[in-house]
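Participant: The structure's right below; bear with me while I get my questions together.
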Number of protein chains: 2
Amino acid sequence: MREKIVVSIDAMGGDRGVDAIVGGINRSLHINDKLQFLIHGNKSEIDEKIKRYSKIGPSCSVISCDSVVAMDEKPSTALRSGKKSSMWSSLYSLAKGDANIALSGGNTGALMAMSMMQLRKAPGVNRPAIAILWPSTNHRGFNIVLDAGADVKADSGDLLQYALMGATYAKIGFSIKMPRIGLLNVGTEIHKGRNELYDASLLIKEAEKNTKSFKFLGYVEGGDLPSSKVDVIVTDGFTGNVALKTGEGTASLIKHFLKESLNQSLLSRVGSILSLSSLKKLNQKIDPRNVNGGIFLGLNGIVIKSHGGADEIGVAAAINLAFQLENTGFSQKLTKEFSKK
Amino acid sequence: MREKIVVSIDAMGGDRGVDAIVGGINRSLHINDKLQFLIHGNKSEIDEKIKRYSKIGPSCSVISCDSVVAMDEKPSTALRSGKKSSMWSSLYSLAKGDANIALSGGNTGALMAMSMMQLRKAPGVNRPAIAILWPSTNHRGFNIVLDAGADVKADSGDLLQYALMGATYAKIGFSIKMPRIGLLNVGTEIHKGRNELYDASLLIKEAEKNTKSFKFLGYVEGGDLPSSKVDVIVTDGFTGNVALKTGEGTASLIKHFLKESLNQSLLSRVGSILSLSSLKKLNQKIDPRNVNGGIFLGLNGIVIKSHGGADEIGVAAAINLAFQLENTGFSQKLTKEFSKK
């Protein structure tokens with residue numbers, strides 16, 4: 001392991017551009033001096049932003065890239081014509097060993113396609129997945145959900161692999177000794193849902209018996225995503241992605257209503273001022289930016305997909321996740337653990 | 001139309017039993033004297049609960065039923081052996097014309113199967129769907145989402161029908177002149193998602209051109225479910241059901257955190273007391289019980305599926321929805337409108 005942990009970061013990927021990326025780097029360096037950054041993108045723009053902050057210059061190297069992968073670009077097009085992009089370049093630094101981890105807020109499909117091409121699938125893995133952290137009442141504050149959108153389809157074998165990868169992520173990344181795994185469905189009864197879910201439940205049950213390394217709870221429902229009765233929730237990438245955005249949308253809606261309600265009368269305005277610090281804490285707990293950072297599981301190397309709309313707080317959260325994982329030697333342990341199966 | 005609106009209600013269907021049903025009926029009758037109820041289930045138990053409330057007796061007739069459809073019963077089993085159940089009986093009253101509308105909080109799959117057998121599909125409809133009301137920032141306070149779980153699969157033709165039924169429901173049920181329809185996907189770009197979604201988007205676009213009775217927005221994402229930019233969101237029953245339960249789960253999680261936060265310090269406790277009435281209003285807005293009531297679209301007759309866990313507030317909300325719809329002659333208008341297509 002290097003003395004410093006080097007994060008290779010695509011500065012052009014997010015919706016908020018270089019500002020959010022360099023702002024996030026600045027926030028991270030303020031609380032963690034073990035980080036070093038390779039920043040890929042428009043050099044003059046990035047250099048200018050870096051100058052705005054004192055002291056972060058020595059921890060940043062900028063790698064100039066001519067082009068950007070567009071948010072609406074097809075993954076196949078990005079693969080063909082995106083080899084000079086900041087996204088490709090950020091992954092290249094990881095692939096050739098200059099960095100410990102790569103991070104991008106860009107087009108998820110393109111990032112996954114480029115990651116698979118440059119890093120290749122880890123031994124024993126058929127289909128990589130994106131695992132995210134879902135705010136929950138669990139004592140650690142979140143559950144792991146996968147696949148959050150790497151692939152819109154998953155058959156029963158893929159769902160089994162997600163369960164195994166999720167269990168390993170929970171064990172190594174977050175020290176959960178015996179992770180509890182649930183399979184997302186529209187009901188908990190055995191006849192509910194699509195056929196591939198029933199088949200997957202049999203496969204996962206068998207793996208539970210053989211590996212004795214996790215506990216399989218059977219089917220769970222959408223309402224269980226934030227619950228403390230489960231640690232890892234397995235689903236296909238279409239359902240996972242819709243659920244993720246639905247959860248975020250609901251949280252935003254409630255914040256909107258809360259603000260509106262508390263401004264309705266003088267009394268409630270006074271009340272809300274008195275409750276301010278508590279309300280701020282609430283906001284931190286439900287703010288999707290604070291658990292930003294999907295991780296691509298099943299590749300030779302860790303790639304973190306930051307939320308496209310993430311601001312500097314969100315980017316800093318994703319960098320923090322990257323650091324935590326790499327600091328435990330997660331990538332090597334995951335490959336080792338998984339290739340045993 | 002009858003002078004009174006008669007609701008045929010399955011008293012044994014919900015998780016909270018007869019208590020919630022009769023309590024909900026009592027709440028409804030307190031604010032609406034145009035309602036009349038046919039209550040199906042264990043007669044002695046229902047009679048006893050009715051006696052608890054003053055004045056509701058004359059508005060209720062009890063129809064004794066021997067059996068109950070279990071929540072985990074397979075729809076096919078319920079169809080074979082459930083003809084003496086409270087669920088079947090509540091639908092039978094609607095089918096033979098003794099009631100205007102039927103309501104049950106029981107097993108959704110069984111309720112849909114029995115409804116299809118007794119009421120039959122409306123002319124021109126291939127696959128019925130469950131439409132629900134989703135809390136939103138729209139001025140009316142909700143959006144319409146379908147299918148919320150009638151069927152775990154939907155092909156492109158089914159999705160087109162959901163769009164047409166949803167538009168009609170929005171127009172007739174809620175007086176939205178030109179409903180804005182969105183198709184739920186994992187992104188708004190045209191290449192995103194599964195193939196059947198692309199096919200469906202072409203079909204809906206064509207119907208928009210031909211009927212000029214709604215506006216098609218193309219793809220929307222999970223985050224748009226509570227937004228004011230759309231009125232009707234179309235999806236398959238698996239995704240819709242997961243999204244619904246995810247939204248409910250997120251709302252519960254935030255309420256849990258809010259309570260926790262406001263109890264943290266003396267200052268915030270005082271603050272929360274001052275804000276109490278505002279927080280109560282917030283609670284009403286995000287409480288899924290207040291928009292309880294899925295509606296089965298595409299049958300000869302209106303069946304409302306109340307949430308299984310609904311308490312008397314939830315049951316009263318579902319009854320209120322039933323009343324509103326029947327009061328506008330919705331069922332006849334929907335059949336007429338849809339059979340034109």
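Each chain in the structure tokens gets a letter, A, B, ..., in the order shown, and its residues are numbered from 1; ligands are numbered from 1 in order too.
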May I have the residues within 8 Å of Leu297 in chain B as number ranges by chain, using only C-alpha atoms and disregarding those fewer than 2 positions away in the same chain?
Facilitator: B: 128-131, 165, 295, 299, 302
Participant: Mind listing the helix (DSSP H, G or I) residues of range 103-258 of chain B, per DSSP on the backbone, as a VMD selection string?
Facilitator: chain B and resid 108 to 119 156 to 174 195 to 211 222 to 224 237 to 258
Participant: Save the residues we just selected, C-alpha atoms, as an mmCIF file, in the first residue's frame?
Facilitator:
```cif
data_model
loop_
_atom_site.group_PDB
_atom_site.id
_atom_site.type_symbol
_atom_site.label_atom_id
_atom_site.label_comp_id
_atom_site.auth_asym_id
_atom_site.auth_seq_id
_atom_site.Cartn_x
_atom_site.Cartn_y
_atom_site.Cartn_z
ATOM 1 C CA THR B 108 -54.415 -7.883 -3.840
ATOM 2 C CA GLY B 109 -53.866 -10.777 -6.223
ATOM 3 C CA ALA B 110 -56.989 -12.604 -5.040
ATOM 4 C CA LEU B 111 -59.058 -9.408 -5.147
ATOM 5 C CA MET B 112 -57.979 -8.741 -8.734
ATOM 6 C CA ALA B 113 -58.649 -12.347 -9.791
ATOM 7 C CA MET B 114 -62.112 -12.353 -8.188
ATOM 8 C CA SER B 115 -62.902 -8.908 -9.606
ATOM 9 C CA MET B 116 -62.005 -10.058 -13.113
ATOM 10 C CA MET B 117 -64.162 -13.151 -12.745
ATOM 11 C CA GLN B 118 -67.225 -11.362 -11.355
ATOM 12 C CA LEU B 119 -67.094 -7.997 -13.118
ATOM 13 C CA SER B 156 -45.483 -2.424 -24.616
ATOM 14 C CA GLY B 157 -49.169 -2.828 -25.551
ATOM 15 C CA ASP B 158 -50.130 -3.104 -21.876
ATOM 16 C CA LEU B 159 -48.143 0.035 -21.069
ATOM 17 C CA LEU B 160 -50.018 1.892 -23.839
ATOM 18 C CA GLN B 161 -53.329 0.788 -22.303
ATOM 19 C CA TYR B 162 -52.193 1.942 -18.860
ATOM 20 C CA ALA B 163 -51.392 5.342 -20.364
ATOM 21 C CA LEU B 164 -54.860 5.588 -21.920
ATOM 22 C CA MET B 165 -56.639 4.404 -18.769
ATOM 23 C CA GLY B 166 -54.552 6.728 -16.592
ATOM 24 C CA ALA B 167 -55.353 9.686 -18.836
ATOM 25 C CA THR B 168 -59.068 8.901 -18.685
ATOM 26 C CA TYR B 169 -58.966 8.490 -14.901
ATOM 27 C CA ALA B 170 -57.188 11.866 -14.582
ATOM 28 C CA LYS B 171 -59.681 13.587 -16.891
ATOM 29 C CA ILE B 172 -62.907 12.181 -15.500
ATOM 30 C CA GLY B 173 -61.968 11.452 -11.912
ATOM 31 C CA PHE B 174 -60.031 14.657 -11.225
ATOM 32 C CA ASN B 195 -36.753 -2.696 -25.011
ATOM 33 C CA GLU B 196 -40.463 -2.824 -24.167
ATOM 34 C CA LEU B 197 -40.195 0.721 -22.812
ATOM 35 C CA TYR B 198 -38.856 2.043 -26.095
ATOM 36 C CA ASP B 199 -41.630 0.250 -27.987
ATOM 37 C CA ALA B 200 -44.233 1.578 -25.554
ATOM 38 C CA SER B 201 -42.941 5.133 -25.953
ATOM 39 C CA LEU B 202 -43.532 4.903 -29.725
ATOM 40 C CA LEU B 203 -47.067 3.547 -29.215
ATOM 41 C CA ILE B 204 -47.971 6.226 -26.667
ATOM 42 C CA LYS B 205 -46.541 8.954 -28.905
ATOM 43 C CA GLU B 206 -48.748 7.734 -31.734
ATOM 44 C CA ALA B 207 -51.836 7.651 -29.478
ATOM 45 C CA GLU B 208 -51.056 11.191 -28.328
ATOM 46 C CA LYS B 209 -51.103 12.304 -31.968
ATOM 47 C CA ASN B 210 -54.314 10.429 -32.777
ATOM 48 C CA THR B 211 -56.389 11.243 -29.705
ATOM 49 C CA GLY B 222 -38.281 7.709 -9.925
ATOM 50 C CA GLY B 223 -37.521 11.211 -8.676
ATOM 51 C CA ASP B 224 -40.387 12.565 -10.797
ATOM 52 C CA GLY B 237 -46.853 -3.621 -11.711
ATOM 53 C CA PHE B 238 -43.578 -4.975 -10.329
ATOM 54 C CA THR B 239 -41.702 -1.684 -10.581
ATOM 55 C CA GLY B 240 -44.762 0.308 -9.489
ATOM 56 C CA ASN B 241 -45.239 -1.822 -6.398
ATOM 57 C CA VAL B 242 -41.578 -1.646 -5.372
ATOM 58 C CA ALA B 243 -41.581 2.141 -5.921
ATOM 59 C CA LEU B 244 -44.758 2.548 -3.863
ATOM 60 C CA LYS B 245 -43.386 0.615 -0.909
ATOM 61 C CA THR B 246 -40.006 2.362 -1.222
ATOM 62 C CA GLY B 247 -41.720 5.750 -1.059
ATOM 63 C CA GLU B 248 -43.749 4.709 1.991
ATOM 64 C CA GLY B 249 -40.658 3.270 3.654
ATOM 65 C CA THR B 250 -38.683 6.464 3.041
ATOM 66 C CA ALA B 251 -41.471 8.586 4.521
ATOM 67 C CA SER B 252 -41.574 6.394 7.644
ATOM 68 C CA LEU B 253 -37.792 6.570 7.973
ATOM 69 C CA ILE B 254 -37.794 10.364 7.842
ATOM 70 C CA LYS B 255 -40.607 10.592 10.396
ATOM 71 C CA HIS B 256 -38.559 8.317 12.657
ATOM 72 C CA PHE B 257 -35.467 10.530 12.277
ATOM 73 C CA LEU B 258 -37.511 13.721 12.707
#
```
Participant: Pick the closest to chain B from A:Ile304, A:Ala317, A:Glu189, A:Leu334: which is it, counting only C-alpha atoms?
Facilitator: A:Glu189
Participant: Hey, can you check how far CA of Lys192 in chain B sits from CA of Asp236 in chain B?
Facilitator: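 Separating CA of Lys192 in chain B from CA of Asp236 in chain B is a distance of 16.1 Å.
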Participant: Could you list, as an mmCIF file with C-alpha atoms, in the first residue's frame, every residue within 8 Å of Thr335 in chain A, counting only C-alpha atoms and ignoring same-chain residues fewer than 6 positions away?
Facilitator:
```cif
data_model
loop_
_atom_site.group_PDB
_atom_site.id
_atom_site.type_symbol
_atom_site.label_atom_id
_atom_site.label_comp_id
_atom_site.auth_asym_id
_atom_site.auth_seq_id
_atom_site.Cartn_x
_atom_site.Cartn_y
_atom_site.Cartn_z
ATOM 1 C CA ALA A 122 -12.587 -10.079 -11.501
ATOM 2 C CA PRO A 123 -12.056 -13.856 -11.523
ATOM 3 C CA GLY A 298 -16.797 -7.368 -9.622
ATOM 4 C CA ASN A 300 -10.137 -5.736 -10.923
#
```
Participant: So, with only C-alpha atoms as the atoms that count, which of A:Ser8, A:Ser227, A:Asp47, A:Val69 lies closest to Pro135 in chain A?
Facilitator: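 Going through A:Ser8, A:Ser227, A:Asp47, A:Val69 one by one, the smallest distance to Pro135 in chain A is for A:Ser227.
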Participant: Go through A:Asp155, A:Glu73, A:Asp98, A:Asp231 one by one, measure the shortest atom-to-atom distance of each to chain B using only C-alpha atoms, and give the residue with the smallest value.
Facilitator: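 Smallest separation from chain B among the options: A:Glu73.
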Participant: Restricting the calculation to only C-alpha atoms: of B:Asp72, B:Glu3, B:Asp66, B:Asp33, which residue gets closest to Ser89 in chain B?
Facilitator: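 Looking at the shortest contact to Ser89 in chain B, the residue is B:Asp66.
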Participant: Please return as a list in words: the residues of range 119-270 of chain B that backbone DSSP assigns to strand (DSSP E or B).
Facilitator: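 Secondary structure check on range 119-270 of chain B, strand (DSSP E or B): Lys121, Ala129, Ile130, Ala131, Ile132, Leu133, Trp134, Pro135, Phe142, Asn143, Ile144, Val145, Leu146, Arg180, Ile181, Gly182, Leu183, Leu184, Lys215, Phe216, Leu217, Gly218, Tyr219, Val220, Val232, Ile233 and Val234 of chain B.
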Participant: Mind dumping the selected residues with N, CA and C atoms as an mmCIF file, in the first residue's frame?
Facilitator:
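Printed below is selection09.cif as written:
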```cif
data_model
loop_
_atom_site.group_PDB
_atom_site.id
_atom_site.type_symbol
_atom_site.label_atom_id
_atom_site.label_comp_id
_atom_site.auth_asym_id
_atom_site.auth_seq_id
_atom_site.Cartn_x
_atom_site.Cartn_y
_atom_site.Cartn_z
ATOM 1 N N LYS B 121 -63.660 -7.858 -17.700
ATOM 2 C CA LYS B 121 -62.930 -6.698 -18.218
ATOM 3 C C LYS B 121 -63.874 -5.800 -19.015
ATOM 4 N N ALA B 129 -55.467 -2.661 -14.420
ATOM 5 C CA ALA B 129 -54.318 -2.182 -13.645
ATOM 6 C C ALA B 129 -54.801 -1.525 -12.353
ATOM 7 N N ILE B 130 -53.879 -1.423 -11.395
ATOM 8 C CA ILE B 130 -54.198 -0.693 -10.160
ATOM 9 C C ILE B 130 -53.585 0.699 -10.248
ATOM 10 N N ALA B 131 -54.444 1.719 -10.151
ATOM 11 C CA ALA B 131 -53.950 3.102 -10.149
ATOM 12 C C ALA B 131 -53.982 3.636 -8.727
ATOM 13 N N ILE B 132 -52.886 4.264 -8.302
ATOM 14 C CA ILE B 132 -52.856 4.839 -6.953
ATOM 15 C C ILE B 132 -52.578 6.338 -7.027
ATOM 16 N N LEU B 133 -52.826 7.015 -5.902
ATOM 17 C CA LEU B 133 -52.558 8.453 -5.818
ATOM 18 C C LEU B 133 -51.257 8.639 -5.044
ATOM 19 N N TRP B 134 -50.302 9.348 -5.652
ATOM 20 C CA TRP B 134 -48.960 9.499 -5.083
ATOM 21 C C TRP B 134 -48.801 10.934 -4.596
ATOM 22 N N PRO B 135 -48.483 11.165 -3.325
ATOM 23 C CA PRO B 135 -48.327 12.541 -2.832
ATOM 24 C C PRO B 135 -47.340 13.317 -3.696
ATOM 25 N N PHE B 142 -51.392 15.342 -5.425
ATOM 26 C CA PHE B 142 -50.973 13.981 -5.756
ATOM 27 C C PHE B 142 -50.851 13.803 -7.262
ATOM 28 N N ASN B 143 -50.129 12.758 -7.648
ATOM 29 C CA ASN B 143 -50.104 12.277 -9.034
ATOM 30 C C ASN B 143 -50.730 10.892 -9.083
ATOM 31 N N ILE B 144 -51.085 10.470 -10.294
ATOM 32 C CA ILE B 144 -51.644 9.127 -10.483
ATOM 33 C C ILE B 144 -50.536 8.198 -10.980
ATOM 34 N N VAL B 145 -50.378 7.046 -10.332
ATOM 35 C CA VAL B 145 -49.367 6.084 -10.761
ATOM 36 C C VAL B 145 -50.044 4.736 -11.041
ATOM 37 N N LEU B 146 -49.779 4.154 -12.204
ATOM 38 C CA LEU B 146 -50.287 2.813 -12.511
ATOM 39 C C LEU B 146 -49.297 2.091 -13.420
ATOM 40 N N ARG B 180 -50.736 15.190 -18.291
ATOM 41 C CA ARG B 180 -49.363 14.968 -18.770
ATOM 42 C C ARG B 180 -48.924 13.570 -18.328
ATOM 43 N N ILE B 181 -48.571 12.734 -19.306
ATOM 44 C CA ILE B 181 -48.255 11.331 -19.040
ATOM 45 C C ILE B 181 -46.751 11.109 -19.142
ATOM 46 N N GLY B 182 -46.170 10.415 -18.179
ATOM 47 C CA GLY B 182 -44.754 10.039 -18.246
ATOM 48 C C GLY B 182 -44.591 8.528 -18.129
ATOM 49 N N LEU B 183 -43.586 7.991 -18.807
ATOM 50 C CA LEU B 183 -43.305 6.551 -18.766
ATOM 51 C C LEU B 183 -42.077 6.344 -17.876
ATOM 52 N N LEU B 184 -42.223 5.574 -16.810
ATOM 53 C CA LEU B 184 -41.146 5.425 -15.817
ATOM 54 C C LEU B 184 -39.983 4.604 -16.370
ATOM 55 N N LYS B 215 -50.964 14.815 -23.024
ATOM 56 C CA LYS B 215 -49.637 15.200 -23.479
ATOM 57 C C LYS B 215 -48.637 14.149 -22.999
ATOM 58 N N PHE B 216 -47.848 13.606 -23.920
ATOM 59 C CA PHE B 216 -46.867 12.581 -23.539
ATOM 60 C C PHE B 216 -45.496 13.218 -23.330
ATOM 61 N N LEU B 217 -44.957 13.050 -22.113
ATOM 62 C CA LEU B 217 -43.675 13.678 -21.773
ATOM 63 C C LEU B 217 -42.473 12.790 -22.085
ATOM 64 N N GLY B 218 -42.722 11.557 -22.544
ATOM 65 C CA GLY B 218 -41.615 10.607 -22.733
ATOM 66 C C GLY B 218 -41.250 9.961 -21.404
ATOM 67 N N TYR B 219 -39.966 9.634 -21.231
ATOM 68 C CA TYR B 219 -39.534 8.957 -20.011
ATOM 69 C C TYR B 219 -39.468 9.918 -18.827
ATOM 70 N N VAL B 220 -39.868 9.423 -17.663
ATOM 71 C CA VAL B 220 -39.611 10.130 -16.407
ATOM 72 C C VAL B 220 -38.882 9.156 -15.482
ATOM 73 N N VAL B 232 -49.656 11.782 -14.626
ATOM 74 C CA VAL B 232 -49.868 10.334 -14.623
ATOM 75 C C VAL B 232 -48.543 9.644 -14.951
ATOM 76 N N ILE B 233 -48.112 8.693 -14.106
ATOM 77 C CA ILE B 233 -46.879 7.960 -14.377
ATOM 78 C C ILE B 233 -47.223 6.494 -14.641
ATOM 79 N N VAL B 234 -46.738 5.999 -15.778
ATOM 80 C CA VAL B 234 -47.056 4.653 -16.239
ATOM 81 C C VAL B 234 -45.860 3.721 -16.034
#
```
Participant: Out of B:Arg120, B:Lys336, B:His139, B:Arg269, which residue has the shortest atom-to-atom distance to chain A when counting only C-alpha atoms?
Facilitator: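 Once distances to chain A are computed over only C-alpha atoms, the minimum belongs to B:Arg269.
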